[in-house]
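**Student:** The structure under discussion is supplied below as structure tokens; questions concerning it will follow.
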Amino acid sequence: MEVVICAGYEEVSAAAAQVVAEVVRRKPDAVLGLATGSTPLGLYKELIRMHAEEGLDFSGVTTFNLDEYVGLDGDHDQSYRHFMNENLFQHINVPLERTHVPSGTAEDYAAHCRQYEEQIRSCGGIDVQVLGIGSDGHIAFNEPGSSLASRTRVKTLAEPTINDNARFFERKEDVPVYAVTMGVGTILEARKLILLANGVGKALAVAECVEGPVSSMCTASALQLHADATVFLDEAASGALRMRAYYQWIQAKKPGAPTN
Ligand code: PGA
């Protein structure tokens, strides 16, 4: 796993945007895996800027989001479909019909989850998957205890996640208790993973993800099983890493490293 420690949130966002942009430039019909939450907002702002100022073209791109709250339809202002429309899709030229977010109002969730997996497969798989990390170490809504082989399914949210996400709702009781989420196994099939984290509140989860044992108790630790995973951190989020100085040394020495 590559660990990139950046000065601040803006640098994290810009570095992650470079990775996504590079994939889109190299492969105009790329399949992007996208995430919601506060963390990727800066990345999306930067992609919007690149589209406006540098002509970064999303017209051939397909997207799949990680998750959606059960019970919220796409028009709900806290649904992840609404979040993506507002914070990215409306501001770039991706065809809306090629943007996929799991449904929070499916009649048959098991069938919907199977179909979501099938859609990812039939689009050729995800080229780059953007991830945040929960304070409990989750990726997507794969809460502690989620199988590292799990596929898209309904999960019950853990209390720390409900508490973290309550800031977006009027009352804590309004936070949905269930979500449809890609599984850890689904995520690990993406060709490239980028995980972003900022702030001291993520430092312990990041340390478990990068340096802890691979364990379903911290599903982000599954990134250690992926051959092309990069973690972009601000200083605060990197604060609990034991090997922090070594990761910085690697980055400093990168320009001189043999490339083949
Ligand atoms: P956040 O959420 O970006 O709002 O901190 C991250 C997550 O729960 O995956």
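A note on labels: chains of the structure tokens are A, B, ... as shown, every chain counts residues from 1, and ligands are counted from 1 in their shown order.
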Within 7 Å of ligand 1, which residues of chain A come that close, and what is the closest atom pair and distance in Å for each? Count only C-alpha atoms and all ligand atoms and give it as a Markdown table.
**Tutor:**
| residue | atom | partner | partner_atom_place_in_ligand_line | distance |
| --- | --- | --- | --- | --- |
| A:Thr36 | CA | ligand 1 | 3 (O) | 6.7 |
| A:Gly37 | CA | ligand 1 | 4 (O) | 3.6 |
| A:Ser38 | CA | ligand 1 | 4 (O) | 3.9 |
| A:Thr39 | CA | ligand 1 | 3 (O) | 3.6 |
| A:Pro40 | CA | ligand 1 | 3 (O) | 6.4 |
| A:Leu131 | CA | ligand 1 | 9 (O) | 6.7 |
| A:Gly132 | CA | ligand 1 | 9 (O) | 4.1 |
| A:Ile133 | CA | ligand 1 | 9 (O) | 4.0 |
| A:Gly134 | CA | ligand 1 | 8 (O) | 3.7 |
| A:Ser135 | CA | ligand 1 | 8 (O) | 6.9 |
| A:His138 | CA | ligand 1 | 9 (O) | 6.4 |
| A:Ile139 | CA | ligand 1 | 9 (O) | 5.5 |
| A:Ala140 | CA | ligand 1 | 9 (O) | 5.5 |
| A:Thr161 | CA | ligand 1 | 8 (O) | 6.8 |
**Student:** Extract, using only C-alpha atoms, all DNA, RNA and protein residues at most 9 Å from A:Ala106, discarding same-chain residues fewer than 6 positions from it, and format them as a compact mmCIF listing (two decimals) with all heavy atoms, in the first residue's frame.
**Tutor:**
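What follows is the written file result.txt:
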# COMPACT_ATOMS: atom_id res chain seq x y z
N VAL A 70 -30.96 2.92 3.11
CA VAL A 70 -32.27 2.27 2.90
C VAL A 70 -33.36 3.20 3.43
O VAL A 70 -33.26 3.75 4.54
CB VAL A 70 -32.32 0.91 3.64
CG1 VAL A 70 -33.76 0.39 3.76
CG2 VAL A 70 -31.45 -0.11 2.92
N GLY A 71 -34.37 3.40 2.61
CA GLY A 71 -35.52 4.20 3.02
C GLY A 71 -35.53 5.59 2.41
O GLY A 71 -36.56 6.27 2.44
N HIS A 112 -31.93 -6.45 -6.17
CA HIS A 112 -31.29 -5.19 -6.57
C HIS A 112 -29.77 -5.27 -6.38
O HIS A 112 -29.01 -4.82 -7.23
CB HIS A 112 -31.87 -4.03 -5.75
CG HIS A 112 -31.21 -2.73 -6.04
ND1 HIS A 112 -31.28 -2.13 -7.28
CD2 HIS A 112 -30.44 -1.92 -5.28
CE1 HIS A 112 -30.58 -1.01 -7.26
NE2 HIS A 112 -30.06 -0.85 -6.06
**Student:** Please identify which residues in stretch 67-241 of chain A DSSP calls alpha helix (DSSP H) from the backbone, and express them as a count of residues only.
**Tutor:** 43
**Student:** Residues within 12 Å of A:Tyr44, please, as a PDB file with N, CA and C atoms, in the first residue's frame. Count only C-alpha atoms; anything in the same chain fewer than 5 positions from it doesn't count.
**Tutor:**
ATOM      1  N   GLU A  10      -6.521  20.334   1.170  1.00  0.00           N
ATOM      2  CA  GLU A  10      -6.496  20.746  -0.244  1.00  0.00           C
ATOM      3  C   GLU A  10      -5.513  19.912  -1.051  1.00  0.00           C
ATOM      4  N   VAL A  12      -4.525  16.851  -0.266  1.00  0.00           N
ATOM      5  CA  VAL A  12      -5.095  15.499  -0.371  1.00  0.00           C
ATOM      6  C   VAL A  12      -6.063  15.449  -1.557  1.00  0.00           C
ATOM      7  N   SER A  13      -6.938  16.452  -1.619  1.00  0.00           N
ATOM      8  CA  SER A  13      -7.965  16.490  -2.673  1.00  0.00           C
ATOM      9  C   SER A  13      -7.322  16.603  -4.045  1.00  0.00           C
ATOM     10  N   ALA A  14      -6.309  17.476  -4.161  1.00  0.00           N
ATOM     11  CA  ALA A  14      -5.659  17.701  -5.452  1.00  0.00           C
ATOM     12  C   ALA A  14      -4.909  16.440  -5.904  1.00  0.00           C
ATOM     13  N   ALA A  15      -4.223  15.791  -4.973  1.00  0.00           N
ATOM     14  CA  ALA A  15      -3.457  14.587  -5.331  1.00  0.00           C
ATOM     15  C   ALA A  15      -4.398  13.467  -5.772  1.00  0.00           C
ATOM     16  N   ALA A  16      -5.504  13.300  -5.065  1.00  0.00           N
ATOM     17  CA  ALA A  16      -6.472  12.259  -5.437  1.00  0.00           C
ATOM     18  C   ALA A  16      -7.109  12.592  -6.784  1.00  0.00           C
ATOM     19  N   ALA A  17      -7.398  13.865  -7.021  1.00  0.00           N
ATOM     20  CA  ALA A  17      -8.008  14.281  -8.292  1.00  0.00           C
ATOM     21  C   ALA A  17      -7.064  13.986  -9.459  1.00  0.00           C
ATOM     22  N   GLN A  18      -5.762  14.153  -9.236  1.00  0.00           N
ATOM     23  CA  GLN A  18      -4.785  13.838 -10.285  1.00  0.00           C
ATOM     24  C   GLN A  18      -4.877  12.371 -10.686  1.00  0.00           C
ATOM     25  N   VAL A  20      -7.513  10.329 -10.399  1.00  0.00           N
ATOM     26  CA  VAL A  20      -8.770  10.080 -11.120  1.00  0.00           C
ATOM     27  C   VAL A  20      -8.669  10.656 -12.537  1.00  0.00           C
ATOM     28  N   ALA A  21      -8.142  11.875 -12.643  1.00  0.00           N
ATOM     29  CA  ALA A  21      -8.038  12.542 -13.951  1.00  0.00           C
ATOM     30  C   ALA A  21      -7.138  11.744 -14.888  1.00  0.00           C
ATOM     31  N   LEU A  34     -17.305   5.755  -6.900  1.00  0.00           N
ATOM     32  CA  LEU A  34     -17.329   7.023  -6.157  1.00  0.00           C
ATOM     33  C   LEU A  34     -17.894   6.839  -4.751  1.00  0.00           C
ATOM     34  N   ALA A  35     -17.548   7.804  -3.897  1.00  0.00           N
ATOM     35  CA  ALA A  35     -17.928   7.745  -2.482  1.00  0.00           C
ATOM     36  C   ALA A  35     -18.617   9.053  -2.096  1.00  0.00           C
ATOM     37  N   THR A  36     -19.380   8.997  -1.041  1.00  0.00           N
ATOM     38  CA  THR A  36     -20.004  10.210  -0.496  1.00  0.00           C
ATOM     39  C   THR A  36     -19.338  10.554   0.837  1.00  0.00           C
ATOM     40  N   GLY A  37     -19.883  11.543   1.542  1.00  0.00           N
ATOM     41  CA  GLY A  37     -19.288  11.963   2.816  1.00  0.00           C
ATOM     42  C   GLY A  37     -18.558  13.281   2.636  1.00  0.00           C
ATOM     43  N   SER A  38     -18.067  13.817   3.741  1.00  0.00           N
ATOM     44  CA  SER A  38     -17.377  15.117   3.696  1.00  0.00           C
ATOM     45  C   SER A  38     -16.030  14.995   2.998  1.00  0.00           C
ATOM     46  N   THR A  39     -15.376  13.863   3.162  1.00  0.00           N
ATOM     47  CA  THR A  39     -13.993  13.731   2.698  1.00  0.00           C
ATOM     48  C   THR A  39     -13.808  13.976   1.192  1.00  0.00           C
ATOM     49  N   ARG A  49     -13.364  21.647 -11.356  1.00  0.00           N
ATOM     50  CA  ARG A  49     -12.464  22.699 -11.864  1.00  0.00           C
ATOM     51  C   ARG A  49     -11.701  22.199 -13.092  1.00  0.00           C
ATOM     52  N   MET A  50     -11.213  20.979 -13.023  1.00  0.00           N
ATOM     53  CA  MET A  50     -10.468  20.425 -14.165  1.00  0.00           C
ATOM     54  C   MET A  50     -11.366  20.309 -15.390  1.00  0.00           C
ATOM     55  N   HIS A  51     -12.624  19.969 -15.174  1.00  0.00           N
ATOM     56  CA  HIS A  51     -13.569  19.887 -16.288  1.00  0.00           C
ATOM     57  C   HIS A  51     -13.771  21.281 -16.897  1.00  0.00           C
ATOM     58  N   PHE A  83     -26.764  13.760  -3.098  1.00  0.00           N
ATOM     59  CA  PHE A  83     -25.412  14.269  -2.801  1.00  0.00           C
ATOM     60  C   PHE A  83     -24.551  14.262  -4.066  1.00  0.00           C
ATOM     61  N   MET A  84     -24.592  13.159  -4.794  1.00  0.00           N
ATOM     62  CA  MET A  84     -23.736  13.046  -5.992  1.00  0.00           C
ATOM     63  C   MET A  84     -24.189  13.993  -7.085  1.00  0.00           C
ATOM     64  N   ASN A  85     -25.511  14.108  -7.275  1.00  0.00           N
ATOM     65  CA  ASN A  85     -26.011  15.049  -8.282  1.00  0.00           C
ATOM     66  C   ASN A  85     -25.554  16.461  -7.952  1.00  0.00           C
ATOM     67  N   GLU A  86     -25.726  16.837  -6.677  1.00  0.00           N
ATOM     68  CA  GLU A  86     -25.428  18.213  -6.245  1.00  0.00           C
ATOM     69  C   GLU A  86     -23.933  18.528  -6.261  1.00  0.00           C
ATOM     70  N   ASN A  87     -23.133  17.551  -5.838  1.00  0.00           N
ATOM     71  CA  ASN A  87     -21.715  17.850  -5.609  1.00  0.00           C
ATOM     72  C   ASN A  87     -20.778  17.458  -6.741  1.00  0.00           C
ATOM     73  N   LEU A  88     -21.307  16.704  -7.708  1.00  0.00           N
ATOM     74  CA  LEU A  88     -20.443  16.344  -8.841  1.00  0.00           C
ATOM     75  C   LEU A  88     -21.191  16.287 -10.171  1.00  0.00           C
ATOM     76  N   PHE A  89     -22.180  15.410 -10.271  1.00  0.00           N
ATOM     77  CA  PHE A  89     -22.722  15.069 -11.591  1.00  0.00           C
ATOM     78  C   PHE A  89     -23.271  16.286 -12.348  1.00  0.00           C
ATOM     79  N   GLN A  90     -23.954  17.181 -11.622  1.00  0.00           N
ATOM     80  CA  GLN A  90     -24.538  18.365 -12.267  1.00  0.00           C
ATOM     81  C   GLN A  90     -23.489  19.309 -12.845  1.00  0.00           C
ATOM     82  N   HIS A  91     -22.251  19.170 -12.382  1.00  0.00           N
ATOM     83  CA  HIS A  91     -21.226  20.163 -12.727  1.00  0.00           C
ATOM     84  C   HIS A  91     -20.211  19.649 -13.741  1.00  0.00           C
ATOM     85  N   ILE A  92     -20.381  18.390 -14.168  1.00  0.00           N
ATOM     86  CA  ILE A  92     -19.474  17.838 -15.179  1.00  0.00           C
ATOM     87  C   ILE A  92     -20.349  17.253 -16.296  1.00  0.00           C
ATOM     88  N   VAL A 130     -12.815   5.367  -5.389  1.00  0.00           N
ATOM     89  CA  VAL A 130     -12.555   6.372  -4.348  1.00  0.00           C
ATOM     90  C   VAL A 130     -13.183   5.869  -3.044  1.00  0.00           C
TER      91      VAL A 130
END
**Student:** Within 12 Å of stretch 172-177 of chain A, which residues of stretch 21-99 of chain A show up? Give each one with its shortest atom-to-atom distance in Å (one decimal) and the two atoms involved, counting only C-alpha atoms, rows by chain then rising residue number, as CSV.
**Tutor:**
residue,atom,partner,partner_atom,distance
A:Glu68,CA,A:Pro176,CA,9.9
A:Tyr69,CA,A:Pro176,CA,6.2
A:Val70,CA,A:Pro176,CA,6.6
A:Gly71,CA,A:Pro176,CA,7.0
A:Leu72,CA,A:Pro176,CA,8.1
A:Asp73,CA,A:Pro176,CA,11.8
A:Gln78,CA,A:Val175,CA,9.2
A:Ser79,CA,A:Pro176,CA,10.1
**Student:** Take the residues just selected and output them with all heavy atoms as a tab-separated table (two decimals), in the first residue's frame.
**Tutor:**
chain	number	residue	atom	x	y	z
A	68	GLU	N	-25.95	3.51	-0.42
A	68	GLU	CA	-27.12	4.39	-0.30
A	68	GLU	C	-27.89	3.98	0.96
A	68	GLU	O	-27.92	2.80	1.33
A	68	GLU	CB	-28.03	4.24	-1.53
A	68	GLU	CG	-29.30	5.08	-1.53
A	68	GLU	CD	-29.07	6.59	-1.47
A	68	GLU	OE1	-28.78	7.09	-0.34
A	68	GLU	OE2	-29.17	7.27	-2.51
A	69	TYR	N	-28.48	4.97	1.61
A	69	TYR	CA	-29.31	4.67	2.78
A	69	TYR	C	-30.60	3.97	2.37
A	69	TYR	O	-31.27	4.38	1.41
A	69	TYR	CB	-29.74	5.98	3.45
A	69	TYR	CG	-28.66	6.71	4.21
A	69	TYR	CD1	-28.33	8.01	3.86
A	69	TYR	CD2	-28.03	6.13	5.31
A	69	TYR	CE1	-27.37	8.72	4.58
A	69	TYR	CE2	-27.08	6.83	6.03
A	69	TYR	CZ	-26.75	8.12	5.66
A	69	TYR	OH	-25.82	8.81	6.37
A	70	VAL	N	-30.96	2.92	3.11
A	70	VAL	CA	-32.27	2.27	2.90
A	70	VAL	C	-33.36	3.20	3.43
A	70	VAL	O	-33.26	3.75	4.54
A	70	VAL	CB	-32.32	0.91	3.64
A	70	VAL	CG1	-33.76	0.39	3.76
A	70	VAL	CG2	-31.45	-0.11	2.92
A	71	GLY	N	-34.37	3.40	2.61
A	71	GLY	CA	-35.52	4.20	3.02
A	71	GLY	C	-35.53	5.59	2.41
A	71	GLY	O	-36.56	6.27	2.44
A	72	LEU	N	-34.40	6.05	1.88
A	72	LEU	CA	-34.37	7.38	1.27
A	72	LEU	C	-34.41	7.24	-0.24
A	72	LEU	O	-33.59	6.53	-0.81
A	72	LEU	CB	-33.11	8.16	1.67
A	72	LEU	CG	-32.82	8.33	3.16
A	72	LEU	CD1	-31.71	9.36	3.35
A	72	LEU	CD2	-34.07	8.73	3.95
A	73	ASP	N	-35.36	7.93	-0.89
A	73	ASP	CA	-35.30	7.87	-2.35
A	73	ASP	C	-34.38	8.97	-2.86
A	73	ASP	O	-33.91	9.82	-2.10
A	73	ASP	CB	-36.71	7.84	-2.97
A	73	ASP	CG	-37.35	9.20	-3.08
A	73	ASP	OD1	-36.63	10.22	-3.04
A	73	ASP	OD2	-38.58	9.23	-3.26
A	78	GLN	N	-30.91	14.03	1.91
A	78	GLN	CA	-29.78	13.31	2.53
A	78	GLN	C	-29.45	12.01	1.80
A	78	GLN	O	-28.61	11.23	2.27
A	78	GLN	CB	-30.08	13.04	4.01
A	78	GLN	CG	-30.03	14.30	4.86
A	78	GLN	CD	-28.76	15.13	4.64
A	78	GLN	OE1	-27.67	14.60	4.44
A	78	GLN	NE2	-28.90	16.45	4.65
A	79	SER	N	-30.12	11.76	0.68
A	79	SER	CA	-29.77	10.54	-0.07
A	79	SER	C	-28.43	10.75	-0.75
A	79	SER	O	-28.03	11.87	-1.06
A	79	SER	CB	-30.85	10.21	-1.11
A	79	SER	OG	-30.77	11.11	-2.19
**Student:** Which residues come within 9 Å of stretch 227-244 of chain A, counting only C-alpha atoms, excluding same-chain residues fewer than 5 positions away, as a tab-separated table (two decimals) with N, CA, C and O atoms, in the first residue's frame?
**Tutor:**
chain	number	residue	atom	x	y	z
A	1	MET	N	0.85	-1.19	0.00
A	1	MET	CA	0.00	0.00	0.00
A	1	MET	C	0.89	1.24	0.00
A	1	MET	O	1.88	1.28	0.72
A	2	GLU	N	0.51	2.21	-0.85
A	2	GLU	CA	1.29	3.44	-0.87
A	2	GLU	C	0.62	4.44	0.07
A	2	GLU	O	-0.60	4.61	0.05
A	3	VAL	N	1.42	5.09	0.89
A	3	VAL	CA	0.90	6.07	1.85
A	3	VAL	C	1.46	7.44	1.48
A	3	VAL	O	2.68	7.63	1.48
A	4	VAL	N	0.57	8.36	1.13
A	4	VAL	CA	1.00	9.71	0.73
A	4	VAL	C	0.51	10.69	1.79
A	4	VAL	O	-0.70	10.83	2.00
A	5	ILE	N	1.47	11.33	2.46
A	5	ILE	CA	1.11	12.28	3.52
A	5	ILE	C	1.22	13.69	2.95
A	5	ILE	O	2.28	14.10	2.47
A	6	CYS	N	0.11	14.40	2.95
A	6	CYS	CA	0.03	15.72	2.33
A	6	CYS	C	-0.05	16.78	3.43
A	6	CYS	O	-0.43	16.48	4.57
A	7	ALA	N	0.27	18.02	3.06
A	7	ALA	CA	0.27	19.09	4.06
A	7	ALA	C	-1.13	19.33	4.63
A	7	ALA	O	-1.29	19.54	5.83
A	8	GLY	N	-2.13	19.28	3.80
A	8	GLY	CA	-3.48	19.58	4.28
A	8	GLY	C	-4.55	18.99	3.37
A	8	GLY	O	-4.24	18.26	2.42
A	9	TYR	N	-5.78	19.32	3.68
A	9	TYR	CA	-6.93	18.75	2.97
A	9	TYR	C	-6.90	19.10	1.48
A	9	TYR	O	-7.21	18.27	0.63
A	10	GLU	N	-6.52	20.33	1.17
A	10	GLU	CA	-6.50	20.75	-0.24
A	10	GLU	C	-5.51	19.91	-1.05
A	10	GLU	O	-5.79	19.54	-2.20
A	11	GLU	N	-4.39	19.63	-0.45
A	11	GLU	CA	-3.36	18.83	-1.13
A	11	GLU	C	-3.84	17.37	-1.30
A	11	GLU	O	-3.57	16.74	-2.31
A	12	VAL	N	-4.53	16.85	-0.27
A	12	VAL	CA	-5.10	15.50	-0.37
A	12	VAL	C	-6.06	15.45	-1.56
A	12	VAL	O	-6.01	14.55	-2.40
A	13	SER	N	-6.94	16.45	-1.62
A	13	SER	CA	-7.96	16.49	-2.67
A	13	SER	C	-7.32	16.60	-4.04
A	13	SER	O	-7.72	15.92	-5.00
A	15	ALA	N	-4.22	15.79	-4.97
A	15	ALA	CA	-3.46	14.59	-5.33
A	15	ALA	C	-4.40	13.47	-5.77
A	15	ALA	O	-4.14	12.77	-6.76
A	16	ALA	N	-5.50	13.30	-5.06
A	16	ALA	CA	-6.47	12.26	-5.44
A	16	ALA	C	-7.11	12.59	-6.78
A	16	ALA	O	-7.33	11.70	-7.62
A	191	ARG	N	-9.69	-2.05	-10.05
A	191	ARG	CA	-8.29	-2.17	-10.47
A	191	ARG	C	-7.37	-1.30	-9.63
A	191	ARG	O	-6.18	-1.59	-9.47
A	192	LYS	N	-7.90	-0.22	-9.12
A	192	LYS	CA	-7.08	0.70	-8.33
A	192	LYS	C	-7.97	1.25	-7.21
A	192	LYS	O	-9.14	1.54	-7.42
A	193	LEU	N	-7.38	1.36	-6.02
A	193	LEU	CA	-8.13	1.92	-4.88
A	193	LEU	C	-7.42	3.17	-4.38
A	193	LEU	O	-6.19	3.16	-4.22
A	194	ILE	N	-8.18	4.24	-4.13
A	194	ILE	CA	-7.60	5.39	-3.44
A	194	ILE	C	-8.48	5.72	-2.23
A	194	ILE	O	-9.69	5.87	-2.35
A	195	LEU	N	-7.84	5.75	-1.07
A	195	LEU	CA	-8.56	6.07	0.16
A	195	LEU	C	-8.07	7.42	0.66
A	195	LEU	O	-6.86	7.68	0.71
A	196	LEU	N	-9.00	8.30	1.00
A	196	LEU	CA	-8.67	9.65	1.45
A	196	LEU	C	-9.10	9.79	2.91
A	196	LEU	O	-10.18	9.31	3.29
A	197	ALA	N	-8.27	10.47	3.69
A	197	ALA	CA	-8.67	10.74	5.08
A	197	ALA	C	-8.02	12.02	5.55
A	197	ALA	O	-6.86	12.30	5.22
A	198	ASN	N	-8.78	12.80	6.29
A	198	ASN	CA	-8.22	14.01	6.86
A	198	ASN	C	-8.76	14.21	8.28
A	198	ASN	O	-9.85	13.72	8.61
A	199	GLY	N	-7.98	14.88	9.07
A	199	GLY	CA	-8.42	15.22	10.43
A	199	GLY	C	-8.00	14.19	11.46
A	199	GLY	O	-7.87	13.00	11.17
A	200	VAL	N	-7.80	14.68	12.67
A	200	VAL	CA	-7.31	13.84	13.77
A	200	VAL	C	-8.32	12.74	14.13
A	200	VAL	O	-7.94	11.66	14.60
A	201	GLY	N	-9.58	12.99	13.85
A	201	GLY	CA	-10.62	12.01	14.16
A	201	GLY	C	-10.47	10.72	13.39
A	201	GLY	O	-11.07	9.70	13.75
A	202	LYS	N	-9.68	10.74	12.33
A	202	LYS	CA	-9.50	9.53	11.51
A	202	LYS	C	-8.15	8.85	11.80
A	202	LYS	O	-7.87	7.79	11.24
A	203	ALA	N	-7.33	9.45	12.65
A	203	ALA	CA	-5.95	8.97	12.81
A	203	ALA	C	-5.88	7.51	13.29
A	203	ALA	O	-5.08	6.72	12.76
A	204	LEU	N	-6.69	7.14	14.25
A	204	LEU	CA	-6.62	5.76	14.76
A	204	LEU	C	-7.14	4.76	13.74
A	204	LEU	O	-6.53	3.70	13.54
A	205	ALA	N	-8.22	5.12	13.06
A	205	ALA	CA	-8.77	4.22	12.03
A	205	ALA	C	-7.75	4.05	10.90
A	205	ALA	O	-7.56	2.94	10.38
A	206	VAL	N	-7.07	5.14	10.53
A	206	VAL	CA	-6.06	5.07	9.47
A	206	VAL	C	-4.90	4.16	9.90
A	206	VAL	O	-4.43	3.33	9.11
A	207	ALA	N	-4.47	4.28	11.14
A	207	ALA	CA	-3.37	3.44	11.62
A	207	ALA	C	-3.76	1.97	11.58
A	207	ALA	O	-2.96	1.11	11.19
A	208	GLU	N	-5.00	1.68	11.95
A	208	GLU	CA	-5.48	0.28	11.89
A	208	GLU	C	-5.55	-0.21	10.46
A	208	GLU	O	-5.23	-1.36	10.17
A	210	VAL	N	-3.79	0.85	7.81
A	210	VAL	CA	-2.49	0.74	7.14
A	210	VAL	C	-1.58	-0.26	7.85
A	210	VAL	O	-0.87	-1.03	7.21
A	211	GLU	N	-1.60	-0.25	9.19
A	211	GLU	CA	-0.59	-0.99	9.94
A	211	GLU	C	-1.16	-2.10	10.82
A	211	GLU	O	-0.40	-2.90	11.38
A	249	TRP	N	9.79	9.12	3.67
A	249	TRP	CA	11.08	8.81	3.03
A	249	TRP	C	10.84	8.20	1.64
A	249	TRP	O	11.45	8.57	0.65
**Student:** Can you pull out the residues contacting A:Cys218? Cut-off 9 Å, using only C-alpha atoms, and skip same-chain residues under 4 positions away; I want them as a list in words.
**Tutor:**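 Answer for this query is Asp136, Gly137, His138, Ile139, Asn142, Glu143, Pro144, Gly145, Ser146, Ala205, Glu208, Cys209, Gly212, Pro213, Val214 and Ala222 of chain A.
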**Student:** Could you name the residues that touch A:Leu148 at 7 Å or less, counting only C-alpha atoms, but leaving out those on the same chain fewer than 6 positions away, as a list in words?
**Tutor:**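 Final neighbour list, sorted by chain and number: Val184, Gly185, Ser216, Thr219 and Ala222 of chain A.
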**Student:** Select from stretch 39-244 of chain A everything DSSP, run on the backbone, classes as strand (DSSP E or B), then give the selection as number ranges by chain.
**Tutor:** A: 62-65, 67-69, 99-100, 128-131, 139, 142, 153-156, 178-181, 193-197, 215, 218, 229-234
**Student:** Could you give me, as a PyMOL selection string, the residues within 8 Å of stretch 149-156 of chain A, counting only C-alpha atoms and dropping anything in the same chain fewer than 6 positions from it?
**Tutor:** chain A and resi 109-110+113-114+116-117+141-143+177-186
